[in-house]
Amino acid sequence: MSGLDNTFRDLVIANRILAKEDVVDAYGHVSLRHPDNSSHFLIARSVAPELVTADDIVELGLDGRPVREEQHTLYLERFIHAAIFEARPDVMAVVHAHAEDTLPFGITDATKLRPVIHSGSFIGAEVPVWDIADNFGDTNLLVTNIEQGRDLAKCLGVNNVALMRGHGFAAAGRSLIEVVRMSVYLARNARALLRAKQLGGRIKYLSQGEIDARNRGYSPYSTETWRAWEYWANKAGVGDLLSRPGE
């Protein structure tokens, strides 16, 4: 099996995991920079993530347009991915989702979304909030062109996650496994923070030193990281598609 076949299978796994872990539902998507051409990226056609197969994967350029004639309907918000890949050469994978637990933090400034649990460290110390209305006025809140995508990417900056006011979030990672893990724990971290706020009292966030200590030990194919990927893939019913690099 070719390396590109494995890449397609990994994208299928990522879609199924994000669906099973309630990060995405009928909407939301995950993409991966093309392993052989950094100016292209791979993403599913417009289909619910839980239903994605390798046959659904399409190849797009950094303008969000298909690189060859495409008969399938594409995600309207593919420009989120295109703009982040364009702005951030270090980013290898992107997730856009509407995980419900993250939404309150994008519509109120009373509490910022910051890491409070150890696995939440991967979201980073700063999670900016992007408001499409600031530069584009009244819209349907969807990112439907490259100019809007670039504005979101500018807000994201060097951070790992940006919230989208009244909409969801965009996450950027150095690998597919990293961005999936980040997205899963982003929602769990948000849930923990919401519950802590209900209990009252002072919230103790992770310090920068604690965040750095967690990140120093990260590797996309370490035993610890692979254990989560393997567990989530089997839980999502796609364990048979797993292929560890070098296998």
# chains A, B, ... in the order shown; residues from 1 in each chain; ligands from 1
$ select_by_dssp --residues "stretch 60-239 of chain A" --states "alpha helix (DSSP H)" --output "PyMOL selection string"
chain A and resi 78-87+133-136+146-156+176-199+208-216+223-235
$ residues_around --residues "stretch 186-202 of chain A" --least-positions-apart "6" --cutoff "8 Å" --atoms "only C-alpha atoms" --output "short mmCIF file (atom, residue, chain, number, x, y, z; two decimals) with all heavy atoms, in the first residue's frame"
data_model
loop_
_atom_site.label_atom_id
_atom_site.label_comp_id
_atom_site.auth_asym_id
_atom_site.auth_seq_id
_atom_site.Cartn_x
_atom_site.Cartn_y
_atom_site.Cartn_z
N VAL A 23 -16.67 15.87 18.95
CA VAL A 23 -16.04 17.15 18.58
C VAL A 23 -16.75 17.72 17.35
O VAL A 23 -16.98 18.92 17.25
CB VAL A 23 -14.54 16.96 18.32
CG1 VAL A 23 -13.89 18.28 17.89
CG2 VAL A 23 -13.84 16.40 19.55
N ALA A 99 -17.81 22.17 18.61
CA ALA A 99 -18.01 21.48 19.88
C ALA A 99 -18.73 22.40 20.88
O ALA A 99 -18.27 23.50 21.20
CB ALA A 99 -16.67 21.04 20.46
N GLU A 100 -19.87 21.92 21.37
CA GLU A 100 -20.78 22.77 22.14
C GLU A 100 -20.13 23.38 23.38
O GLU A 100 -20.40 24.53 23.73
CB GLU A 100 -22.00 21.94 22.55
CG GLU A 100 -23.08 22.73 23.23
CD GLU A 100 -24.33 21.90 23.50
OE1 GLU A 100 -24.44 20.80 22.93
OE2 GLU A 100 -25.19 22.36 24.28
N ASP A 101 -19.27 22.64 24.05
CA ASP A 101 -18.68 23.14 25.30
C ASP A 101 -17.74 24.31 25.08
O ASP A 101 -17.43 25.04 26.03
CB ASP A 101 -17.94 22.00 26.02
CG ASP A 101 -18.90 20.96 26.56
OD1 ASP A 101 -19.86 21.34 27.26
OD2 ASP A 101 -18.71 19.76 26.26
N THR A 102 -17.25 24.49 23.85
CA THR A 102 -16.36 25.62 23.59
C THR A 102 -17.12 26.90 23.28
O THR A 102 -16.56 28.00 23.38
CB THR A 102 -15.42 25.31 22.40
OG1 THR A 102 -16.19 25.24 21.18
CG2 THR A 102 -14.68 24.00 22.61
N LEU A 113 -10.99 31.10 27.73
CA LEU A 113 -10.70 29.67 27.66
C LEU A 113 -9.19 29.47 27.73
O LEU A 113 -8.45 29.87 26.83
CB LEU A 113 -11.25 29.08 26.36
CG LEU A 113 -11.04 27.57 26.17
CD1 LEU A 113 -11.59 26.78 27.36
CD2 LEU A 113 -11.69 27.10 24.87
N PRO A 115 -6.04 26.59 29.54
CA PRO A 115 -5.90 25.22 30.03
C PRO A 115 -5.99 25.11 31.55
O PRO A 115 -5.35 25.87 32.27
CB PRO A 115 -4.52 24.79 29.52
CG PRO A 115 -3.80 26.04 29.19
CD PRO A 115 -4.83 27.06 28.84
N VAL A 116 -6.83 24.16 31.99
CA VAL A 116 -6.97 23.90 33.43
C VAL A 116 -6.71 22.43 33.75
O VAL A 116 -6.54 22.08 34.92
CB VAL A 116 -8.37 24.29 33.95
CG1 VAL A 116 -8.53 25.81 33.96
CG2 VAL A 116 -9.47 23.63 33.14
N ILE A 117 -6.72 21.56 32.74
CA ILE A 117 -6.42 20.14 32.95
C ILE A 117 -5.14 19.80 32.19
O ILE A 117 -4.80 20.46 31.21
CB ILE A 117 -7.58 19.22 32.51
CG1 ILE A 117 -7.87 19.39 31.02
CG2 ILE A 117 -8.82 19.52 33.34
CD1 ILE A 117 -8.91 18.41 30.48
N SER A 119 -4.14 17.56 30.08
CA SER A 119 -4.20 17.31 28.63
C SER A 119 -4.72 18.52 27.87
O SER A 119 -4.66 18.56 26.65
CB SER A 119 -5.07 16.09 28.35
OG SER A 119 -4.44 14.92 28.83
N GLY A 120 -5.23 19.50 28.60
CA GLY A 120 -5.62 20.75 27.97
C GLY A 120 -4.43 21.64 27.65
O GLY A 120 -4.57 22.66 26.98
N ILE A 123 -3.68 23.05 24.05
CA ILE A 123 -4.36 24.16 23.39
C ILE A 123 -3.54 25.44 23.47
O ILE A 123 -3.78 26.39 22.73
CB ILE A 123 -5.78 24.39 23.95
CG1 ILE A 123 -5.74 25.00 25.36
CG2 ILE A 123 -6.58 23.11 23.94
CD1 ILE A 123 -7.12 25.34 25.91
#
$ residues_around --residues "stretch 75-81 of chain A" --least-positions-apart "4" --cutoff "7 Å" --atoms "only C-alpha atoms" --output "list of chain:residue names"
A:Ser31, A:Arg45, A:Ser46, A:Gly64, A:Phe85, A:Val94, A:Leu142, A:Val143, A:Thr144, A:Asn145, A:Ile146, A:Gly149
$ write_last_selection --atoms "N, CA and C atoms" --output "mmCIF file, in the first residue's frame"
data_model
loop_
_atom_site.group_PDB
_atom_site.id
_atom_site.type_symbol
_atom_site.label_atom_id
_atom_site.label_comp_id
_atom_site.auth_asym_id
_atom_site.auth_seq_id
_atom_site.Cartn_x
_atom_site.Cartn_y
_atom_site.Cartn_z
ATOM 1 N N SER A 31 -8.351 18.414 8.060
ATOM 2 C CA SER A 31 -7.542 18.388 6.842
ATOM 3 C C SER A 31 -6.088 18.087 7.183
ATOM 4 N N ARG A 45 -14.686 15.517 0.871
ATOM 5 C CA ARG A 45 -15.748 16.284 0.222
ATOM 6 C C ARG A 45 -16.811 16.605 1.266
ATOM 7 N N SER A 46 -17.851 17.303 0.876
ATOM 8 C CA SER A 46 -18.890 17.692 1.819
ATOM 9 C C SER A 46 -19.725 16.480 2.224
ATOM 10 N N GLY A 64 -8.042 27.270 -1.624
ATOM 11 C CA GLY A 64 -9.279 26.585 -1.303
ATOM 12 C C GLY A 64 -9.975 25.978 -2.500
ATOM 13 N N PHE A 85 -3.120 26.924 6.419
ATOM 14 C CA PHE A 85 -1.952 26.292 5.793
ATOM 15 C C PHE A 85 -1.087 27.333 5.083
ATOM 16 N N VAL A 94 -5.336 20.638 10.283
ATOM 17 C CA VAL A 94 -6.271 21.636 10.795
ATOM 18 C C VAL A 94 -7.613 20.975 11.077
ATOM 19 N N LEU A 142 -20.399 31.973 8.550
ATOM 20 C CA LEU A 142 -19.589 30.944 7.912
ATOM 21 C C LEU A 142 -18.426 31.578 7.152
ATOM 22 N N VAL A 143 -17.291 30.879 7.145
ATOM 23 C CA VAL A 143 -16.105 31.348 6.418
ATOM 24 C C VAL A 143 -16.188 30.781 5.009
ATOM 25 N N THR A 144 -16.647 31.600 4.066
ATOM 26 C CA THR A 144 -16.967 31.097 2.733
ATOM 27 C C THR A 144 -16.067 31.638 1.627
ATOM 28 N N ASN A 145 -15.006 32.359 1.996
ATOM 29 C CA ASN A 145 -14.054 32.820 0.980
ATOM 30 C C ASN A 145 -12.676 32.965 1.620
ATOM 31 N N ILE A 146 -11.673 33.112 0.787
ATOM 32 C CA ILE A 146 -10.290 33.096 1.277
ATOM 33 C C ILE A 146 -9.976 34.354 2.087
ATOM 34 N N GLY A 149 -11.068 33.610 5.498
ATOM 35 C CA GLY A 149 -10.150 32.618 6.044
ATOM 36 C C GLY A 149 -8.840 33.240 6.487
#
$ residues_around --residues "A:Glu50" --least-positions-apart "5" --cutoff "9 Å" --atoms "only C-alpha atoms" --output "PyMOL selection string"
chain A and resi 12+15-20+24-26+236
$ select_by_dssp --residues "stretch 41-148 of chain A" --states "strand (DSSP E)" --output "list in words"
Phe41, Leu42, Ile43, Ala44, Ile57, Val58, Glu59, Leu60, Gly61, Ala93, Val94, Val95, His96, Ala97, Val129 and Trp130 of chain A
$ write_last_selection --atoms "N, CA, C and O atoms" --output "compact mmCIF listing (two decimals), in the first residue's frame"
# COMPACT_ATOMS: atom_id res chain seq x y z
N PHE A 41 -3.50 20.59 0.11
CA PHE A 41 -3.93 19.87 1.30
C PHE A 41 -5.06 18.91 0.95
O PHE A 41 -5.70 19.04 -0.11
N LEU A 42 -5.28 17.95 1.83
CA LEU A 42 -6.27 16.90 1.64
C LEU A 42 -7.40 17.06 2.65
O LEU A 42 -7.14 17.32 3.83
N ILE A 43 -8.62 16.90 2.19
CA ILE A 43 -9.79 17.06 3.03
C ILE A 43 -10.92 16.26 2.39
O ILE A 43 -10.88 15.99 1.18
N ALA A 44 -11.91 15.86 3.16
CA ALA A 44 -13.03 15.13 2.59
C ALA A 44 -13.92 16.08 1.79
O ALA A 44 -13.91 17.30 1.98
N ILE A 57 -11.90 11.66 -0.13
CA ILE A 57 -10.82 12.63 0.06
C ILE A 57 -10.52 13.35 -1.25
O ILE A 57 -10.37 12.73 -2.31
N VAL A 58 -10.42 14.68 -1.17
CA VAL A 58 -10.11 15.50 -2.33
C VAL A 58 -8.86 16.33 -2.04
O VAL A 58 -8.49 16.54 -0.87
N GLU A 59 -8.23 16.83 -3.09
CA GLU A 59 -7.00 17.61 -2.98
C GLU A 59 -7.27 19.04 -3.40
O GLU A 59 -7.78 19.30 -4.49
N LEU A 60 -6.92 19.97 -2.51
CA LEU A 60 -7.17 21.39 -2.76
C LEU A 60 -5.88 22.19 -2.68
O LEU A 60 -4.91 21.77 -2.04
N GLY A 61 -5.88 23.35 -3.30
CA GLY A 61 -4.76 24.27 -3.21
C GLY A 61 -4.95 25.24 -2.06
O GLY A 61 -5.99 25.26 -1.40
N ALA A 93 -1.82 19.99 9.96
CA ALA A 93 -3.20 19.52 10.02
C ALA A 93 -4.07 20.57 10.71
O ALA A 93 -3.61 21.27 11.62
N VAL A 94 -5.34 20.64 10.28
CA VAL A 94 -6.27 21.64 10.80
C VAL A 94 -7.61 20.97 11.08
O VAL A 94 -8.05 20.10 10.32
N VAL A 95 -8.26 21.40 12.15
CA VAL A 95 -9.62 20.98 12.47
C VAL A 95 -10.49 22.21 12.61
O VAL A 95 -10.09 23.21 13.21
N HIS A 96 -11.69 22.14 12.03
CA HIS A 96 -12.73 23.14 12.32
C HIS A 96 -13.95 22.39 12.84
O HIS A 96 -14.40 21.42 12.21
N ALA A 97 -14.46 22.82 13.98
CA ALA A 97 -15.60 22.12 14.59
C ALA A 97 -16.42 23.08 15.42
O ALA A 97 -16.02 24.23 15.66
N VAL A 129 -10.11 34.94 20.35
CA VAL A 129 -11.47 34.83 19.82
C VAL A 129 -11.57 35.69 18.57
O VAL A 129 -11.27 36.89 18.59
N TRP A 130 -12.00 35.05 17.48
CA TRP A 130 -12.17 35.76 16.20
C TRP A 130 -13.65 36.04 15.98
O TRP A 130 -14.50 35.15 16.13
$ atom_distance --atom1 "atom CA of A:Gly217" --atom2 "atom CA of A:Ser121"
11.6 Å
$ closest_residue --among "A:Leu103, A:Ala14, A:Asp151, A:Ala48" --to "A:Val180" --atoms "only C-alpha atoms"
A:Ala14
$ atom_distance --atom1 "atom CA of A:Tyr231" --atom2 "atom CA of A:Ser175"
17.7 Å
$ atom_distance --atom1 "atom CA of A:Leu206" --atom2 "atom CA of A:Met182"
15.6 Å
$ residues_around --residues "A:Arg216" --least-positions-apart "5" --cutoff "12 Å" --atoms "only C-alpha atoms" --output "number ranges by chain"
A: 121-122, 209-211
$ write_last_selection --atoms "N, CA, C and O atoms" --output "PDB file, in the first residue's frame"
ATOM      1  N   SER A 121      -3.260  21.246  28.127  1.00  0.00           N
ATOM      2  CA  SER A 121      -2.062  22.052  27.896  1.00  0.00           C
ATOM      3  C   SER A 121      -1.797  22.269  26.416  1.00  0.00           C
ATOM      4  O   SER A 121      -1.230  23.289  26.017  1.00  0.00           O
ATOM      5  N   PHE A 122      -2.226  21.321  25.584  1.00  0.00           N
ATOM      6  CA  PHE A 122      -1.905  21.378  24.154  1.00  0.00           C
ATOM      7  C   PHE A 122      -2.653  22.482  23.419  1.00  0.00           C
ATOM      8  O   PHE A 122      -2.302  22.810  22.288  1.00  0.00           O
ATOM      9  N   GLY A 209       4.915  27.290  32.853  1.00  0.00           N
ATOM     10  CA  GLY A 209       5.901  26.235  33.082  1.00  0.00           C
ATOM     11  C   GLY A 209       5.294  24.847  32.968  1.00  0.00           C
ATOM     12  O   GLY A 209       5.927  23.925  32.435  1.00  0.00           O
ATOM     13  N   GLU A 210       4.078  24.680  33.479  1.00  0.00           N
ATOM     14  CA  GLU A 210       3.401  23.386  33.372  1.00  0.00           C
ATOM     15  C   GLU A 210       3.047  23.068  31.925  1.00  0.00           C
ATOM     16  O   GLU A 210       3.186  21.924  31.476  1.00  0.00           O
ATOM     17  N   ILE A 211       2.613  24.091  31.190  1.00  0.00           N
ATOM     18  CA  ILE A 211       2.312  23.893  29.769  1.00  0.00           C
ATOM     19  C   ILE A 211       3.568  23.483  29.015  1.00  0.00           C
ATOM     20  O   ILE A 211       3.564  22.531  28.219  1.00  0.00           O
TER      21      ILE A 211
END
$ closest_residue --among "A:Leu152, A:Ile132, A:Ala54, A:Ala87" --to "A:Gly166" --atoms "only C-alpha atoms"
A:Ile132
$ closest_residue --among "A:Val161, A:Ala228, A:Cys155, A:Leu242" --to "A:Asp134" --atoms "only C-alpha atoms"
A:Cys155
